[in-house]
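> query.txt is reproduced below (compact mmCIF, C-alpha atoms).
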```txt
# COMPACT_ATOMS: atom_id res chain seq x y z
CA MET A 180 109.00 116.99 156.70
CA SER A 181 106.18 114.44 156.46
CA ASN A 182 105.87 111.76 153.83
CA LYS A 183 102.55 111.92 152.06
CA ILE A 184 100.72 108.70 151.43
CA THR A 185 98.34 108.26 148.54
CA SER A 186 95.72 105.63 147.98
CA GLU A 187 93.92 104.86 144.75
CA ILE A 188 90.46 103.50 144.08
CA LYS A 189 89.65 102.47 140.51
CA PHE A 190 86.31 101.82 138.85
CA LEU A 191 86.00 99.91 135.59
CA VAL A 192 82.76 100.23 133.61
CA GLU A 193 82.13 97.95 130.65
CA LEU A 194 79.48 99.38 128.31
CA ASP A 195 77.34 97.86 125.59
CA GLU A 196 76.98 99.37 122.11
CA ASN A 197 74.46 101.89 123.51
CA ARG A 198 76.84 102.92 126.30
CA VAL A 199 74.71 101.20 128.95
CA PRO A 200 76.76 99.59 131.75
CA GLU A 201 76.97 95.83 131.42
CA LYS A 202 79.64 95.21 134.04
CA LEU A 203 81.07 97.22 136.93
CA SER A 204 84.15 96.38 138.95
CA TRP A 205 86.35 98.21 141.40
CA THR A 206 89.80 97.93 142.87
CA ALA A 207 91.12 99.34 146.15
CA GLN A 208 94.44 97.68 146.77
CA ASP A 209 94.87 99.26 150.22
CA GLY A 210 91.61 97.58 151.21
CA GLY A 211 92.51 94.25 149.64
CA ILE A 212 89.93 94.63 146.85
CA GLU A 213 91.00 93.57 143.36
CA ALA A 214 88.57 93.81 140.42
CA GLU A 215 85.55 93.09 142.63
CA GLU A 216 82.33 92.95 140.63
CA ALA A 217 79.39 95.17 141.51
CA LYS A 218 75.90 95.68 140.10
CA ALA A 219 75.52 99.34 141.12
CA MET A 220 77.44 102.32 142.48
CA LEU A 221 76.63 105.80 143.71
CA LEU A 222 79.53 108.23 144.00
CA SER A 223 79.13 111.76 145.34
CA ILE A 224 81.93 114.32 145.26
CA TRP A 225 81.73 117.75 146.89
CA ASP A 226 82.93 120.60 144.66
CA SER A 227 83.87 123.22 147.24
CA ASN A 228 84.40 125.96 144.65
CA ALA A 229 80.95 125.57 143.08
CA ARG A 230 79.43 124.50 146.44
CA GLU A 231 77.60 121.62 144.81
CA THR A 232 77.62 117.86 144.70
CA LEU A 233 78.87 116.07 141.59
CA ARG A 234 77.52 112.56 141.12
CA ILE A 235 78.11 109.36 139.24
CA ASP A 236 75.20 106.94 139.53
CA LEU A 237 75.63 103.70 137.61
CA TRP A 238 73.98 100.31 137.60
CA THR A 239 74.21 97.37 135.26
CA LYS A 240 71.26 96.53 133.06
CA ASP A 241 70.88 93.21 134.86
CA MET A 242 70.58 94.79 138.34
CA PRO A 243 67.36 93.34 139.79
CA VAL A 244 64.80 95.90 140.98
CA ASP A 245 64.44 94.23 144.40
CA GLU A 246 68.21 94.49 144.91
CA MET A 247 68.15 98.14 143.77
CA LYS A 248 65.54 98.90 146.44
CA GLN A 249 67.65 97.19 149.09
CA PHE A 250 70.77 99.00 147.81
CA PHE A 251 69.03 102.37 148.15
CA HIS A 252 67.78 101.56 151.64
CA GLN A 253 71.23 100.49 152.83
CA THR A 254 72.74 103.61 151.21
CA LEU A 255 70.26 105.85 153.03
CA VAL A 256 71.06 104.13 156.35
CA ALA A 257 74.80 104.56 155.72
CA MET A 258 74.30 108.23 154.79
CA THR A 259 72.38 108.72 158.03
CA ASP A 260 75.25 107.24 160.05
CA THR A 261 77.79 109.34 158.16
CA PHE A 262 75.71 112.49 158.62
CA GLN A 263 75.54 111.89 162.36
CA ARG A 264 79.32 111.29 162.66
CA ALA A 265 80.20 114.25 160.42
CA THR A 266 77.85 116.83 161.93
CA GLY A 267 77.00 115.59 165.41
CA ASP A 268 73.38 116.58 164.68
CA GLU A 269 71.56 113.89 166.67
CA LYS A 270 68.08 115.33 166.09
CA MET A 271 68.32 115.37 162.28
CA ALA A 272 70.02 111.95 162.28
CA ALA A 273 67.04 110.58 164.24
CA THR A 274 64.68 112.12 161.68
CA MET A 275 66.68 110.56 158.86
CA LYS A 276 66.61 107.19 160.62
CA ASP A 277 62.82 107.46 160.91
CA PHE A 278 62.66 108.06 157.16
CA CYS A 279 64.88 105.01 156.52
CA ASP A 280 62.50 102.90 158.62
CA TYR A 281 59.51 104.32 156.70
CA PHE A 282 61.27 103.67 153.37
CA ALA A 283 61.95 100.03 154.33
CA GLU A 284 58.38 99.54 155.54
CA LYS A 285 56.83 100.97 152.36
CA LEU A 286 59.09 98.83 150.16
CA GLU A 287 58.41 95.81 152.38
CA LEU A 288 62.10 95.19 152.89
CA LYS A 289 62.97 92.56 155.43
CA GLY A 290 65.47 93.82 158.00
```
How does this structure look as structure tokens?

Amino acid sequence: MSNKITSEIKFLVELDENRVPEKLSWTAQDGGIEAEEAKAMLLSIWDSNARETLRIDLWTKDMPVDEMKQFFHQTLVAMTDTFQRATGDEKMAATMKDFCDYFAEKLELKG
């Protein structure tokens, strides 16, 4: 009989009177993260029964637009890497990488 191990990741969202996020923080004790502040988060969860993606997209009202653009670019690059590892589809991963390069160029992000 195997012992199951669980790990917990917590997100804390502080809202203003209009329910707009003012502060985000997260904790992942197994990763050594304790109440680490963040300005934005994108969380995608696959619902296998409904065969659809559930999402939580949050950012604080003081998240600078230039940082949001960089955040999106880095997220797209990470998704490309994950897609390649998860599917082994080198051709589509290369196409996605080309889009990430195009995205960065159009937003004039320095790499």
> Just give me the gap between atom CA of Leu191 of chain A and atom CA of Leu237 of chain A in Å, one decimal is fine.
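For atom CA of Leu191 of chain A relative to atom CA of Leu237 of chain A, the distance reads 11.2 Å.
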> From the list A:Ala229, A:Ala219, A:Leu288, A:Met275, which residue is nearest Gln249 of chain A when using all atoms listed in the file?
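Closest to Gln249 of chain A, using all atoms listed in the file: A:Leu288.
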> Around all of segment 255-268 of chain A's listed atoms, make the axis-aligned box with 5 Å on each side and tell me centre and edge lengths in Å to one decimal, as AutoDock Vina command-line options.

```
--center_x 75.2 --center_y 110.5 --center_z 159.2 --size_x 19.9 --size_y 22.7 --size_z 22.4
```
> Go through A:Thr259, A:Asn228, A:Asn197, A:Ser223 and flag the residue nearest Met271 of chain A, using only C-alpha atoms for the distances.
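Using only C-alpha atoms, Met271 of chain A sits closest to A:Thr259.
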> Mind giving me the straight-line distance from atom CA of Glu287 of chain A to atom CA of Phe250 of chain A in Å, one decimal?
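Atom CA of Phe250 of chain A lies at a distance of 13.6 Å from atom CA of Glu287 of chain A.
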> Can you work out the spacing between atom CA of Asp209 of chain A and atom CA of Thr185 of chain A in Å, to one decimal?
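Computing the Euclidean distance for atom CA of Asp209 of chain A and atom CA of Thr185 of chain A yields 9.8 Å.
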> Just want the 9 Å neighbourhood of segment 277-282 of chain A, counted on only C-alpha atoms, with same-chain residues fewer than 2 positions away dropped. Output as a ChimeraX atom specification.
/A:252-253,255-256,259,272-275,284-288
> Mind checking which residues fall within 12 Å of Glu201 of chain A, counting all atoms listed in the file, ignoring those fewer than 6 positions away in the same chain, and posting them as a list in words?
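Near neighbours after the sequence-gap exclusion: Leu191, Val192, Glu193, Leu194, Asp195, Glu216, Ala217, Lys218, Ala219, Leu237, Trp238, Thr239, Lys240, Asp241 and Met242 of chain A.
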> List as a compact mmCIF listing (two decimals) with C-alpha atoms, in the coordinates of the input: which residues have an atom within 8 Å of (94.0, 100.5, 145.4), counting all atoms listed in the file?

```
# COMPACT_ATOMS: atom_id res chain seq x y z
CA SER A 186 95.72 105.63 147.98
CA GLU A 187 93.92 104.86 144.75
CA ILE A 188 90.46 103.50 144.08
CA LYS A 189 89.65 102.47 140.51
CA THR A 206 89.80 97.93 142.87
CA ALA A 207 91.12 99.34 146.15
CA GLN A 208 94.44 97.68 146.77
CA ASP A 209 94.87 99.26 150.22
CA GLY A 210 91.61 97.58 151.21
CA GLY A 211 92.51 94.25 149.64
CA ILE A 212 89.93 94.63 146.85
CA GLU A 213 91.00 93.57 143.36
```
> Counting only C-alpha atoms, what is within 8 Å of Leu221 of chain A, bar same-chain residues fewer than 6 positions away, as a short mmCIF file (atom, residue, chain, number, x, y, z; two decimals) with C-alpha atoms, in the coordinates of the input?

```
data_model
loop_
_atom_site.label_atom_id
_atom_site.label_comp_id
_atom_site.auth_asym_id
_atom_site.auth_seq_id
_atom_site.Cartn_x
_atom_site.Cartn_y
_atom_site.Cartn_z
CA ARG A 234 77.52 112.56 141.12
CA ILE A 235 78.11 109.36 139.24
CA ASP A 236 75.20 106.94 139.53
CA LEU A 237 75.63 103.70 137.61
#
```
> With N, CA and C atoms as the goal, would you fill in the gaps in segment 279-290 of chain A and present it as a PDB file, in the coordinates of the input?

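Listed below is the output, out-v7.pdb:
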```pdb
ATOM      1  N   CYS A 279      64.354 106.300 157.000  1.00  0.00           N
ATOM      2  CA  CYS A 279      64.880 105.010 156.520  1.00  0.00           C
ATOM      3  C   CYS A 279      63.955 103.869 156.928  1.00  0.00           C
ATOM      4  N   ASP A 280      63.438 103.924 158.157  1.00  0.00           N
ATOM      5  CA  ASP A 280      62.500 102.900 158.620  1.00  0.00           C
ATOM      6  C   ASP A 280      61.214 102.937 157.786  1.00  0.00           C
ATOM      7  N   TYR A 281      60.722 104.138 157.525  1.00  0.00           N
ATOM      8  CA  TYR A 281      59.510 104.320 156.700  1.00  0.00           C
ATOM      9  C   TYR A 281      59.747 103.781 155.286  1.00  0.00           C
ATOM     10  N   PHE A 282      60.893 104.116 154.715  1.00  0.00           N
ATOM     11  CA  PHE A 282      61.270 103.670 153.370  1.00  0.00           C
ATOM     12  C   PHE A 282      61.251 102.140 153.308  1.00  0.00           C
ATOM     13  N   ALA A 283      61.896 101.498 154.289  1.00  0.00           N
ATOM     14  CA  ALA A 283      61.950 100.030 154.330  1.00  0.00           C
ATOM     15  C   ALA A 283      60.561  99.430 154.483  1.00  0.00           C
ATOM     16  N   GLU A 284      59.752 100.049 155.323  1.00  0.00           N
ATOM     17  CA  GLU A 284      58.380  99.540 155.540  1.00  0.00           C
ATOM     18  C   GLU A 284      57.567  99.631 154.248  1.00  0.00           C
ATOM     19  N   LYS A 285      57.626 100.769 153.581  1.00  0.00           N
ATOM     20  CA  LYS A 285      56.830 100.970 152.360  1.00  0.00           C
ATOM     21  C   LYS A 285      57.284 100.059 151.228  1.00  0.00           C
ATOM     22  N   LEU A 286      58.569  99.736 151.192  1.00  0.00           N
ATOM     23  CA  LEU A 286      59.090  98.830 150.160  1.00  0.00           C
ATOM     24  C   LEU A 286      59.011  97.370 150.589  1.00  0.00           C
ATOM     25  N   GLU A 287      58.515  97.158 151.817  1.00  0.00           N
ATOM     26  CA  GLU A 287      58.410  95.810 152.380  1.00  0.00           C
ATOM     27  C   GLU A 287      59.738  95.081 152.366  1.00  0.00           C
ATOM     28  N   LEU A 288      60.780  95.794 152.778  1.00  0.00           N
ATOM     29  CA  LEU A 288      62.100  95.190 152.890  1.00  0.00           C
ATOM     30  C   LEU A 288      62.202  94.471 154.223  1.00  0.00           C
ATOM     31  N   LYS A 289      62.787  93.326 154.188  1.00  0.00           N
ATOM     32  CA  LYS A 289      62.970  92.560 155.430  1.00  0.00           C
ATOM     33  C   LYS A 289      64.298  93.002 156.054  1.00  0.00           C
ATOM     34  N   GLY A 290      64.273  93.333 157.332  1.00  0.00           N
ATOM     35  CA  GLY A 290      65.470  93.820 158.000  1.00  0.00           C
ATOM     36  C   GLY A 290      65.978  92.882 158.930  1.00  0.00           C
TER      37      GLY A 290
END
```
